[in-house]
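Shown here: upload16.cif, mmCIF, C-alpha atoms.
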data_start
#
loop_
_atom_site.label_atom_id
_atom_site.label_comp_id
_atom_site.auth_asym_id
_atom_site.auth_seq_id
_atom_site.Cartn_x
_atom_site.Cartn_y
_atom_site.Cartn_z
CA MET A 1 -32.98 -38.22 44.51
CA PRO A 2 -29.96 -37.35 42.37
CA ASP A 3 -27.29 -35.05 43.74
CA LYS A 4 -26.78 -31.87 41.69
CA ALA A 5 -23.00 -32.04 41.82
CA ASP A 6 -23.17 -35.64 40.58
CA ASP A 7 -25.42 -34.51 37.75
CA VAL A 8 -22.87 -31.92 36.67
CA ARG A 9 -20.09 -34.51 36.75
CA LEU A 10 -22.24 -36.77 34.58
CA ILE A 11 -22.74 -34.01 32.02
CA GLU A 12 -18.98 -33.40 31.99
CA ARG A 13 -18.44 -37.09 31.23
CA VAL A 14 -21.04 -36.95 28.47
CA ALA A 15 -19.25 -33.92 27.02
CA ASP A 16 -16.05 -35.97 27.03
CA GLY A 17 -17.73 -38.63 24.88
CA ASP A 18 -18.64 -41.16 27.57
CA ALA A 19 -21.74 -42.97 26.31
CA GLU A 20 -22.12 -44.86 29.59
CA ALA A 21 -22.53 -41.50 31.34
CA LEU A 22 -25.36 -40.77 28.93
CA GLY A 23 -26.88 -44.08 30.05
CA GLU A 24 -26.52 -43.07 33.70
CA LEU A 25 -28.20 -39.76 32.91
CA TYR A 26 -31.00 -41.75 31.30
CA ASP A 27 -31.25 -43.87 34.47
CA ARG A 28 -31.83 -40.71 36.48
CA TYR A 29 -34.10 -38.75 34.20
CA GLY A 30 -35.20 -41.04 31.36
CA ARG A 31 -38.48 -41.95 32.98
CA VAL A 32 -39.57 -38.42 33.82
CA ALA A 33 -38.35 -37.20 30.41
CA PHE A 34 -40.42 -39.92 28.77
CA GLY A 35 -43.36 -38.89 30.94
CA VAL A 36 -43.07 -35.28 29.78
CA LEU A 37 -42.88 -36.39 26.15
CA TYR A 38 -45.72 -38.85 26.59
CA ARG A 39 -47.93 -36.06 27.81
CA MET A 40 -46.98 -33.68 25.00
CA LEU A 41 -47.13 -36.10 22.08
CA PRO A 42 -49.90 -38.20 20.51
CA GLY A 43 -48.64 -41.65 21.52
CA PRO A 44 -45.81 -43.81 22.88
CA GLU A 45 -44.18 -44.23 19.47
CA ALA A 46 -43.76 -40.48 19.07
CA ALA A 47 -42.51 -40.18 22.66
CA GLU A 48 -39.94 -42.91 21.99
CA GLU A 49 -38.77 -41.27 18.78
CA VAL A 50 -38.43 -37.85 20.37
CA ALA A 51 -36.71 -39.28 23.46
CA GLN A 52 -33.97 -40.63 21.20
CA ASP A 53 -33.68 -37.28 19.46
CA ALA A 54 -33.57 -35.46 22.79
CA PHE A 55 -30.82 -37.62 24.29
CA HIS A 56 -28.86 -37.21 21.09
CA ALA A 57 -29.25 -33.45 21.53
CA VAL A 58 -27.99 -33.83 25.12
CA TRP A 59 -24.97 -35.68 23.72
CA ARG A 60 -24.25 -32.95 21.19
CA GLN A 61 -24.89 -30.02 23.52
CA ALA A 62 -23.38 -31.33 26.76
CA ARG A 63 -20.36 -29.08 26.42
CA SER A 64 -22.61 -26.02 26.36
CA TYR A 65 -24.35 -26.84 29.66
CA ARG A 66 -23.80 -24.14 32.28
CA ALA A 67 -24.61 -24.86 35.90
CA ASP A 68 -25.30 -21.18 36.61
CA ARG A 69 -28.23 -21.36 34.18
CA GLY A 70 -30.13 -24.06 36.02
CA SER A 71 -30.02 -27.67 37.09
CA VAL A 72 -29.21 -30.57 34.79
CA ARG A 73 -32.78 -31.79 35.24
CA THR A 74 -34.17 -28.46 34.06
CA TRP A 75 -31.75 -28.35 31.12
CA LEU A 76 -32.57 -31.88 30.03
CA LEU A 77 -36.35 -31.50 30.38
CA ALA A 78 -36.20 -28.22 28.45
CA ILE A 79 -34.43 -30.05 25.62
CA CYS A 80 -37.16 -32.70 25.69
CA ARG A 81 -39.95 -30.14 25.69
CA ASN A 82 -38.43 -28.19 22.81
CA ALA A 83 -37.94 -31.40 20.85
CA ALA A 84 -41.58 -32.34 21.42
CA ILE A 85 -42.82 -28.94 20.27
CA ASP A 86 -40.57 -29.21 17.23
CA TRP A 87 -41.88 -32.70 16.46
CA ARG A 88 -45.48 -31.52 16.58
CA ARG A 89 -44.75 -28.64 14.24
CA THR A 90 -42.68 -30.54 11.72
CA ARG A 91 -43.51 -34.24 11.88
CA GLY A 92 -46.91 -34.54 13.48
CA LYS A 93 -49.96 -35.10 11.34
CA ARG A 94 -52.18 -32.08 10.98
CA SER A 95 -54.41 -33.34 13.79
CA GLU A 96 -51.37 -33.85 16.03
CA ARG A 97 -49.80 -30.44 15.59
CA GLU A 98 -51.82 -28.76 18.25
CA VAL A 99 -52.78 -29.81 21.73
CA THR A 100 -56.39 -29.04 22.51
CA ILE A 101 -57.16 -26.51 25.16
CA ASP A 102 -58.81 -29.19 27.27
CA ALA A 103 -55.88 -31.60 27.03
CA ALA A 104 -53.32 -29.02 28.08
CA ALA A 105 -55.36 -27.02 30.49
CA GLU A 106 -54.21 -28.50 33.79
CA LEU A 107 -50.62 -28.32 34.93
CA LEU A 108 -50.88 -31.34 37.20
CA SER A 109 -53.42 -33.59 35.51
CA ASP A 110 -52.32 -37.23 35.49
CA ALA A 111 -49.74 -36.23 38.02
CA ARG A 112 -47.79 -38.95 39.75
CA VAL A 113 -44.82 -38.72 42.02
CA GLU A 114 -41.51 -39.56 40.40
CA GLU A 115 -39.50 -40.24 43.52
CA ARG A 116 -36.22 -40.77 41.79
CA VAL A 117 -36.39 -37.21 40.52
CA VAL A 118 -38.39 -35.41 43.18
CA SER A 119 -38.68 -36.79 46.71
CA ALA A 120 -42.21 -37.66 47.79
CA MET A 121 -42.27 -34.90 50.38
CA ARG A 122 -40.97 -32.33 47.95
CA ALA A 123 -43.42 -33.49 45.27
CA GLU A 124 -46.28 -32.99 47.69
CA ARG A 125 -45.01 -29.51 48.44
CA VAL A 126 -44.76 -28.69 44.71
CA ARG A 127 -48.32 -29.90 44.22
CA ALA A 128 -49.54 -27.73 47.07
CA VAL A 129 -47.85 -24.66 45.61
CA VAL A 130 -49.36 -25.32 42.20
CA ARG A 131 -52.81 -25.87 43.70
CA GLU A 132 -52.57 -22.58 45.54
CA LEU A 133 -52.46 -20.78 42.20
CA PRO A 134 -55.83 -19.46 41.02
CA ASP A 135 -57.40 -21.64 38.32
CA GLU A 136 -56.90 -19.10 35.56
CA GLN A 137 -53.19 -18.76 36.36
CA ARG A 138 -52.72 -22.54 36.40
CA GLN A 139 -54.47 -22.74 33.07
CA VAL A 140 -52.19 -20.26 31.29
CA LEU A 141 -49.11 -22.01 32.66
CA ALA A 142 -50.37 -25.37 31.46
CA LEU A 143 -51.38 -24.10 28.03
CA ALA A 144 -47.97 -22.52 27.53
CA PHE A 145 -45.95 -25.39 28.97
CA TRP A 146 -47.74 -28.51 27.73
CA GLY A 147 -49.44 -26.96 24.74
CA GLY A 148 -46.49 -24.86 23.57
CA TYR A 149 -48.72 -21.84 23.05
CA SER A 150 -47.44 -18.27 23.21
CA GLN A 151 -49.23 -15.67 25.30
CA SER A 152 -50.86 -14.14 22.21
CA GLU A 153 -52.07 -17.58 21.07
CA ILE A 154 -53.52 -18.26 24.49
CA ALA A 155 -55.27 -14.90 24.43
CA ALA A 156 -56.81 -15.67 21.04
CA ARG A 157 -57.85 -19.22 21.90
CA THR A 158 -59.38 -18.39 25.25
CA ASN A 159 -60.93 -15.06 24.22
CA THR A 160 -58.98 -13.29 26.93
CA PRO A 161 -57.30 -9.89 26.56
CA LEU A 162 -53.56 -10.26 25.94
CA GLY A 163 -52.75 -8.00 28.85
CA THR A 164 -54.71 -10.26 31.17
CA VAL A 165 -52.88 -13.36 29.93
CA LYS A 166 -49.52 -11.65 30.42
CA SER A 167 -50.47 -10.63 33.90
CA ARG A 168 -51.55 -14.17 34.79
CA VAL A 169 -48.32 -15.66 33.45
CA ARG A 170 -46.25 -13.18 35.40
CA LEU A 171 -48.12 -13.68 38.65
CA ALA A 172 -48.09 -17.47 38.37
CA MET A 173 -44.42 -17.73 37.50
CA ASN A 174 -43.41 -15.32 40.24
CA LYS A 175 -45.43 -17.29 42.76
CA LEU A 176 -43.94 -20.62 41.66
CA ARG A 177 -40.43 -19.27 41.83
CA GLU A 178 -40.89 -17.51 45.12
CA ARG A 179 -42.51 -20.44 46.92
CA LEU A 180 -40.33 -23.20 45.53
CA GLU A 181 -37.08 -21.27 45.74
CA GLU A 182 -37.54 -20.27 49.36
CA GLU A 183 -37.94 -23.90 50.39
CA ARG A 184 -34.99 -25.36 48.55
CA MET B 1 -31.25 -3.39 25.66
CA SER B 2 -28.90 -2.07 28.30
CA VAL B 3 -28.01 -4.03 31.38
CA GLU B 4 -29.67 -1.32 33.50
CA ARG B 5 -33.10 -2.05 31.99
CA HIS B 6 -33.77 -5.57 33.09
CA PRO B 7 -36.74 -7.27 31.34
CA THR B 8 -38.38 -7.99 34.68
CA GLU B 9 -41.90 -7.95 33.26
CA ASP B 10 -41.25 -10.40 30.46
CA LEU B 11 -38.65 -12.70 32.00
CA PRO B 12 -41.25 -15.08 33.51
CA ALA B 13 -42.94 -15.54 30.12
CA TYR B 14 -39.54 -15.98 28.51
CA ALA B 15 -38.73 -18.77 30.97
CA LEU B 16 -42.07 -20.37 30.11
CA GLY B 17 -41.35 -20.16 26.38
CA ALA B 18 -44.52 -18.12 25.91
CA LEU B 19 -43.13 -15.06 24.13
CA ASP B 20 -43.37 -14.45 20.42
CA GLU B 21 -40.15 -14.82 18.46
CA SER B 22 -39.28 -11.14 18.18
CA GLU B 23 -39.69 -10.67 21.94
CA ARG B 24 -37.60 -13.76 22.67
CA GLU B 25 -34.59 -12.52 20.72
CA THR B 26 -34.43 -9.22 22.59
CA ILE B 27 -34.53 -10.89 25.98
CA ALA B 28 -32.11 -13.65 25.01
CA ALA B 29 -29.58 -11.00 23.99
CA HIS B 30 -29.98 -9.23 27.31
CA VAL B 31 -29.76 -12.37 29.44
CA GLU B 32 -26.57 -13.41 27.69
CA GLY B 33 -24.74 -10.44 29.22
CA CYS B 34 -26.60 -9.99 32.51
CA ALA B 35 -25.67 -12.07 35.54
CA ARG B 36 -28.73 -10.97 37.49
CA CYS B 37 -31.19 -11.98 34.79
CA THR B 38 -29.29 -15.22 34.18
CA ARG B 39 -29.79 -16.07 37.85
CA ASP B 40 -33.45 -15.02 37.83
CA LEU B 41 -34.11 -17.02 34.67
CA ALA B 42 -32.48 -20.11 36.17
CA GLN B 43 -34.73 -19.83 39.23
CA PHE B 44 -37.87 -19.42 37.11
CA GLU B 45 -36.97 -22.41 34.98
CA ASP B 46 -35.96 -24.63 37.88
CA ALA B 47 -39.31 -23.94 39.58
CA LEU B 48 -41.27 -24.49 36.36
CA TYR B 49 -39.56 -27.76 35.43
CA GLU B 50 -39.81 -29.06 38.95
CA ALA B 51 -43.58 -28.57 38.69
CA ALA B 52 -43.52 -30.23 35.27
CA ALA B 53 -41.59 -33.23 36.62
CA VAL B 54 -44.28 -33.69 39.22
CA GLY B 55 -47.01 -33.16 36.64
CA ALA B 56 -45.61 -35.51 34.00
CA VAL B 57 -47.30 -38.80 33.29
CA ASP B 58 -45.64 -41.67 35.14
CA VAL B 59 -45.20 -44.21 32.39
CA GLN B 60 -42.59 -46.90 31.81
CA PRO B 61 -40.43 -46.17 28.74
CA PRO B 62 -39.71 -49.08 26.36
CA ARG B 63 -37.29 -51.49 28.00
CA ASP B 64 -34.66 -51.25 25.27
CA LEU B 65 -34.74 -47.46 24.90
CA ARG B 66 -31.73 -46.99 27.18
CA THR B 67 -29.73 -49.59 25.26
CA ARG B 68 -30.50 -47.94 21.96
CA ILE B 69 -29.51 -44.51 23.24
CA VAL B 70 -26.22 -45.77 24.67
CA LEU B 71 -25.33 -47.94 21.66
CA ARG B 72 -25.90 -45.06 19.30
CA HIS B 73 -23.18 -43.10 21.06
CA ARG B 74 -20.87 -45.75 22.47
CA ASP B 75 -18.05 -45.46 19.96
CA ALA B 76 -18.54 -41.84 19.14
CA ARG B 77 -15.00 -40.76 19.82
CA ALA B 78 -13.12 -44.01 19.73
CA PRO B 79 -9.58 -43.73 18.39
CA ALA B 80 -9.05 -44.90 14.85
CA ALA B 81 -7.80 -48.46 14.57
CA THR B 82 -6.45 -48.24 11.04
CA SER B 83 -5.52 -45.67 8.46
CA TRP B 84 -8.38 -43.24 8.20
CA THR B 85 -7.41 -42.06 4.79
CA ALA B 86 -7.66 -45.59 3.44
CA ARG B 87 -10.91 -46.29 5.26
CA ILE B 88 -12.71 -43.21 4.08
CA ALA B 89 -11.27 -43.31 0.58
CA GLY B 90 -12.63 -46.85 0.37
CA LEU B 91 -15.98 -45.62 1.53
CA LEU B 92 -16.13 -42.82 -0.96
CA VAL B 93 -15.35 -44.92 -4.01
CA ARG B 94 -18.30 -47.15 -3.27
CA PRO B 95 -21.49 -45.97 -4.91
CA VAL B 96 -23.74 -44.25 -2.39
CA PRO B 97 -27.31 -45.47 -2.90
CA LEU B 98 -29.74 -42.94 -4.25
CA ALA B 99 -31.96 -43.55 -1.25
CA VAL B 100 -29.32 -42.19 1.11
CA PRO B 101 -30.00 -38.53 1.84
CA ALA B 102 -27.62 -36.01 0.41
CA VAL B 103 -26.80 -34.85 3.92
CA LEU B 104 -25.25 -38.21 4.76
CA ALA B 105 -23.20 -38.29 1.59
CA LEU B 106 -22.07 -34.76 2.36
CA LEU B 107 -21.09 -35.74 5.87
CA LEU B 108 -18.92 -38.52 4.59
CA VAL B 109 -17.13 -35.99 2.39
CA VAL B 110 -16.85 -33.59 5.31
CA SER B 111 -15.38 -36.36 7.42
CA PHE B 112 -12.80 -36.91 4.72
CA ALA B 113 -11.92 -33.24 4.83
CA ILE B 114 -11.60 -33.37 8.61
CA VAL B 115 -9.19 -36.29 8.36
CA GLY B 116 -7.15 -34.11 6.06
CA THR B 117 -6.76 -31.72 8.97
CA ASN B 118 -5.46 -34.51 11.21
CA ARG B 119 -8.53 -34.82 13.43
CA GLN B 120 -8.23 -38.53 13.03
CA GLN B 121 -10.03 -39.36 16.23
CA ILE B 122 -13.36 -38.46 14.69
CA ASP B 123 -15.26 -41.57 13.82
CA THR B 124 -16.89 -41.72 10.42
CA TYR B 125 -19.56 -44.02 11.68
CA GLU B 126 -20.63 -41.65 14.41
CA HIS B 127 -20.48 -38.69 12.06
CA ALA B 128 -22.75 -40.41 9.61
CA LEU B 129 -25.32 -41.13 12.32
CA ALA B 130 -25.00 -37.76 14.01
CA GLY B 131 -25.80 -36.11 10.70
CA VAL B 132 -29.10 -37.86 10.18
CA ALA B 133 -31.42 -34.92 10.55
CA ASP B 134 -34.65 -36.10 9.00
CA GLY B 135 -35.31 -39.55 10.35
CA ARG B 136 -35.18 -41.98 13.20
CA VAL B 137 -32.06 -43.96 14.10
CA VAL B 138 -32.30 -47.35 15.79
CA ALA B 139 -29.08 -49.02 16.90
CA LEU B 140 -28.51 -52.74 16.42
CA ALA B 141 -26.87 -54.55 19.30
CA PRO B 142 -23.64 -56.47 18.62
CA THR B 143 -23.60 -60.11 19.65
CA SER B 144 -20.77 -62.19 21.06
CA ALA B 145 -19.89 -63.17 17.48
CA ASN B 146 -18.37 -59.70 16.98
CA PRO B 147 -18.68 -57.40 20.01
CA ASP B 148 -16.92 -54.57 18.16
CA ALA B 149 -19.46 -54.48 15.34
CA ARG B 150 -21.73 -51.46 15.08
CA ALA B 151 -24.77 -50.75 12.95
CA ALA B 152 -27.90 -48.64 13.04
CA VAL B 153 -31.03 -48.55 10.95
CA VAL B 154 -31.83 -45.10 9.63
CA ILE B 155 -35.53 -44.66 8.94
CA PRO B 156 -35.86 -41.42 6.97
CA ASN B 157 -39.05 -39.41 7.03
CA GLN B 158 -39.09 -39.91 3.27
CA GLY B 159 -37.47 -42.72 1.29
CA GLN B 160 -36.31 -46.23 2.07
CA PRO B 161 -34.66 -47.23 5.34
CA TYR B 162 -30.97 -48.12 5.21
CA LEU B 163 -28.26 -49.40 7.49
CA VAL B 164 -25.07 -47.59 8.44
CA VAL B 165 -22.69 -50.41 9.33
CA ARG B 166 -19.24 -50.73 10.82
CA LEU B 167 -17.93 -54.22 10.22
CA PRO B 168 -14.72 -55.67 8.79
CA ALA B 169 -14.86 -56.93 5.21
CA PRO B 170 -16.31 -60.46 5.11
CA PRO B 171 -13.97 -63.41 4.46
CA SER B 172 -13.46 -64.49 0.85
CA GLY B 173 -16.57 -66.19 -0.55
CA LYS B 174 -18.82 -64.62 2.08
CA THR B 175 -21.08 -61.59 2.30
CA TRP B 176 -22.86 -59.58 4.97
CA GLU B 177 -26.60 -60.07 4.57
CA ALA B 178 -29.29 -57.88 6.13
CA TRP B 179 -32.62 -59.29 7.29
CA VAL B 180 -35.94 -57.74 8.17
CA LEU B 181 -37.43 -59.72 11.04
CA LYS B 182 -41.19 -60.05 10.73
CA PRO B 183 -43.60 -61.44 13.33
CA GLY B 184 -43.91 -65.18 13.17
CA PRO B 185 -40.93 -65.05 13.45
CA ARG B 186 -39.86 -64.77 9.82
CA ALA B 187 -36.65 -63.38 8.34
CA VAL B 188 -36.86 -61.63 4.97
CA ALA B 189 -33.64 -61.14 2.99
CA ALA B 190 -32.99 -57.40 2.73
CA GLY B 191 -29.72 -56.94 0.84
CA THR B 192 -26.07 -57.98 0.87
CA SER B 193 -22.70 -56.25 0.92
CA THR B 194 -19.11 -57.39 0.70
CA ALA B 195 -17.88 -54.01 1.89
CA GLY B 196 -15.87 -53.51 5.08
CA ASP B 197 -15.15 -50.75 7.59
CA VAL B 198 -17.97 -48.18 7.45
CA PHE B 199 -20.56 -48.65 4.73
CA VAL B 200 -24.18 -48.08 3.84
CA LEU B 201 -26.51 -50.99 3.14
CA PRO B 202 -29.98 -50.07 1.82
CA LEU B 203 -32.76 -52.35 3.04
CA THR B 204 -34.35 -53.93 -0.02
CA ALA B 205 -37.24 -55.50 1.92
CA PRO B 206 -40.08 -53.39 3.36
CA LEU B 207 -39.55 -52.46 7.00
CA GLY B 208 -42.84 -52.38 8.84
CA ALA B 209 -43.59 -50.69 12.14
CA GLY B 210 -42.03 -52.74 14.91
CA ASP B 211 -40.09 -55.09 12.62
CA GLY B 212 -36.63 -56.17 13.70
CA VAL B 213 -33.40 -56.04 11.70
CA ALA B 214 -30.36 -58.33 11.78
CA ILE B 215 -27.09 -58.86 9.91
CA THR B 216 -25.52 -62.29 9.38
CA LEU B 217 -22.52 -63.67 7.49
CA GLU B 218 -23.68 -65.71 4.48
CA PRO B 219 -22.25 -67.33 1.33
CA SER B 220 -21.37 -64.72 -1.32
CA ALA B 221 -24.58 -65.22 -3.32
CA GLY B 222 -26.68 -64.54 -0.24
CA SER B 223 -29.09 -66.96 1.43
CA PRO B 224 -32.88 -67.26 1.34
CA GLN B 225 -32.79 -67.74 5.12
CA PRO B 226 -30.08 -66.96 7.71
CA THR B 227 -27.54 -69.78 8.08
CA THR B 228 -25.43 -68.24 10.86
CA GLN B 229 -26.04 -66.42 14.09
CA PRO B 230 -26.49 -62.64 13.70
CA VAL B 231 -23.51 -60.40 14.33
CA LEU B 232 -25.89 -57.50 14.92
CA VAL B 233 -29.57 -57.49 15.74
CA VAL B 234 -32.42 -55.37 17.05
CA ASP B 235 -35.74 -57.01 17.87
CA ARG B 236 -37.88 -54.00 17.10
CA THR B 237 -37.33 -50.75 15.22
#
Structure translated into structure tokens:
Amino acid sequence: MPDKADDVRLIERVADGDAEALGELYDRYGRVAFGVLYRMLPGPEAAEEVAQDAFHAVWRQARSYRADRGSVRTWLLAICRNAAIDWRRTRGKRSEREVTIDAAAELLSDARVEERVVSAMRAERVRAVVRELPDEQRQVLALAFWGGYSQSEIAARTNTPLGTVKSRVRLAMNKLRERLEEER
Amino acid sequence: MSVERHPTEDLPAYALGALDESERETIAAHVEGCARCTRDLAQFEDALYEAAAVGAVDVQPPRDLRTRIVLRHRDARAPAATSWTARIAGLLVRPVPLAVPAVLALLLVVSFAIVGTNRQQIDTYEHALAGVADGRVVALAPTSANPDARAAVVIPNQGQPYLVVRLPAPPSGKTWEAWVLKPGPRAVAAGTSTAGDVFVLPLTAPLGAGDGVAITLEPSAGSPQPTTQPVLVVDRT
């Protein structure tokens, strides 16, 4: 599992224009980034296209990375997720612009352990924490994360009062943070 | 929003990217100046993306994806080898094909302006590629024939694909010739250029999904089939 300080040094090298450092970053996180994109996009071609865009964004934005705002992994995966949402809105065919409720409804569906990014033991712990969340809380997290839906969109699509959706998001996120943070 | 009124209720949804735009802006402005909320946001996001990493599909990316990503950026900030003024002036006097997006042409002009301010380390080739906003870029790999060569196919969302190439001018009586590599394998002539340094070469042959692209050195009239080893090639775009 990559060391966080090493990750930061890699980003500093990328910011200095070292393309090989970008390759090393890809070695660490390329597979999980591709897995995130693969799940959010309609096929491998789109995932490949967006992966290139995302790593180019990493290249351009490396100088703006701030360690106090989260890990390199989080920063990179957030860039990938945003790029995927942007692709769906601007380049996807009409049928590809939205992820169906069913397809996005489970945070851990198709889940596999990516040991180079999360150790097997830690991954099992993350799974357990996610599974402890009530179904309806897991669903709103998944719809927002994988589907890119806002709280008001989720409320409309699931016929749930907006206040209830907000409450579920808040409870789920607080639980995730609390349980995963305390065991770091 | 003052620092005293932390957006505790909405920060989790902000981390999740689930707020509407107007709500996002307010919280972003607060977080920018609040160390406590910056820390809280980082913890929310780290937890969320850790769960996402575990929940992502485990699938093998294309084998050459890493190579393409690295090649696209390898010479991004290489020092200039020759006079930049001459190189870019030479580029600008060449007609830019109509198929090349205005943004690329503009970037080349911007690069010229930057040279005028003595930022000579900025590479025109990288600038041209970095400015491609509406398409896909696939790097060609240099071969042992010319390890310093660079080229990338730009596949715009609209319009014909073209190559951005960095190669020296061909010897007298020779030309650079582009090829679209079809299954079979079959090479289809796709345009020639006697330009040097950084130049644009529109692909005149259709580029299908998954086709490869190569550049070879050929007699000045061009060849119906490649007669030399490629200086740059990608098996699949």
Write out as a PyMOL selection string the residues lying within 10 Å of region 169-184 of chain B, counting all atoms listed in the file and excluding same-chain residues fewer than 3 positions away. chain B and resi 162-163+166+187-198+201-226+230-237
Nearest to Asp68 (chain A) among B:Leu41, B:Val59, B:Val165, B:Ser144, with distances taken over only C-alpha atoms: which residue is it? B:Leu41
Can you work out the spacing between CA of Glu136 (chain A) and CA of Ala15 (chain B) in Å, to one decimal?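 Between these atoms lies a distance of 18.7 Å.
Closest approach to chain A among B:Arg5, B:Arg24, B:Arg136, B:Arg150: B:Arg136, based on all atoms listed in the file.
Using all atoms listed in the file for every distance, the candidate list B:Val154, B:Val200, B:Val31, B:Ala13 yields B:Ala13 as the residue closest to chain A.
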Rounded to one decimal place, report the CA of His30 (chain B)-CA of Asn174 (chain A) distance in Å.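 According to the coordinates, CA of His30 (chain B) and CA of Asn174 (chain A) are separated by 19.6 Å.
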One decimal, Å: what's the distance from CA of Ala62 (chain A) over to CA of Gly147 (chain A), could you say? 26.5 Å
Given only C-alpha atoms as the counted atoms, nearest of B:Cys34, B:Val153, B:Ala29, B:Leu48 to chain A: B:Leu48
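If you measure from each of A:Arg122, A:Arg13, A:Arg157, A:Arg63 to chain B using only C-alpha atoms, the closest one turns out to be A:Arg122.
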Tell me which residues the PyMOL selection byres ((chain B) within 8 of (chain A)) grabs here, as a ChimeraX atom specification. /B:9-10,12-13,16-20,38-39,41-62,65-67,69-71,73-77,136
Of the candidates B:His6, B:Pro156, B:Ala149, B:Val138, which one gets nearest to Gly33 (chain B) if we count only C-alpha atoms? B:His6
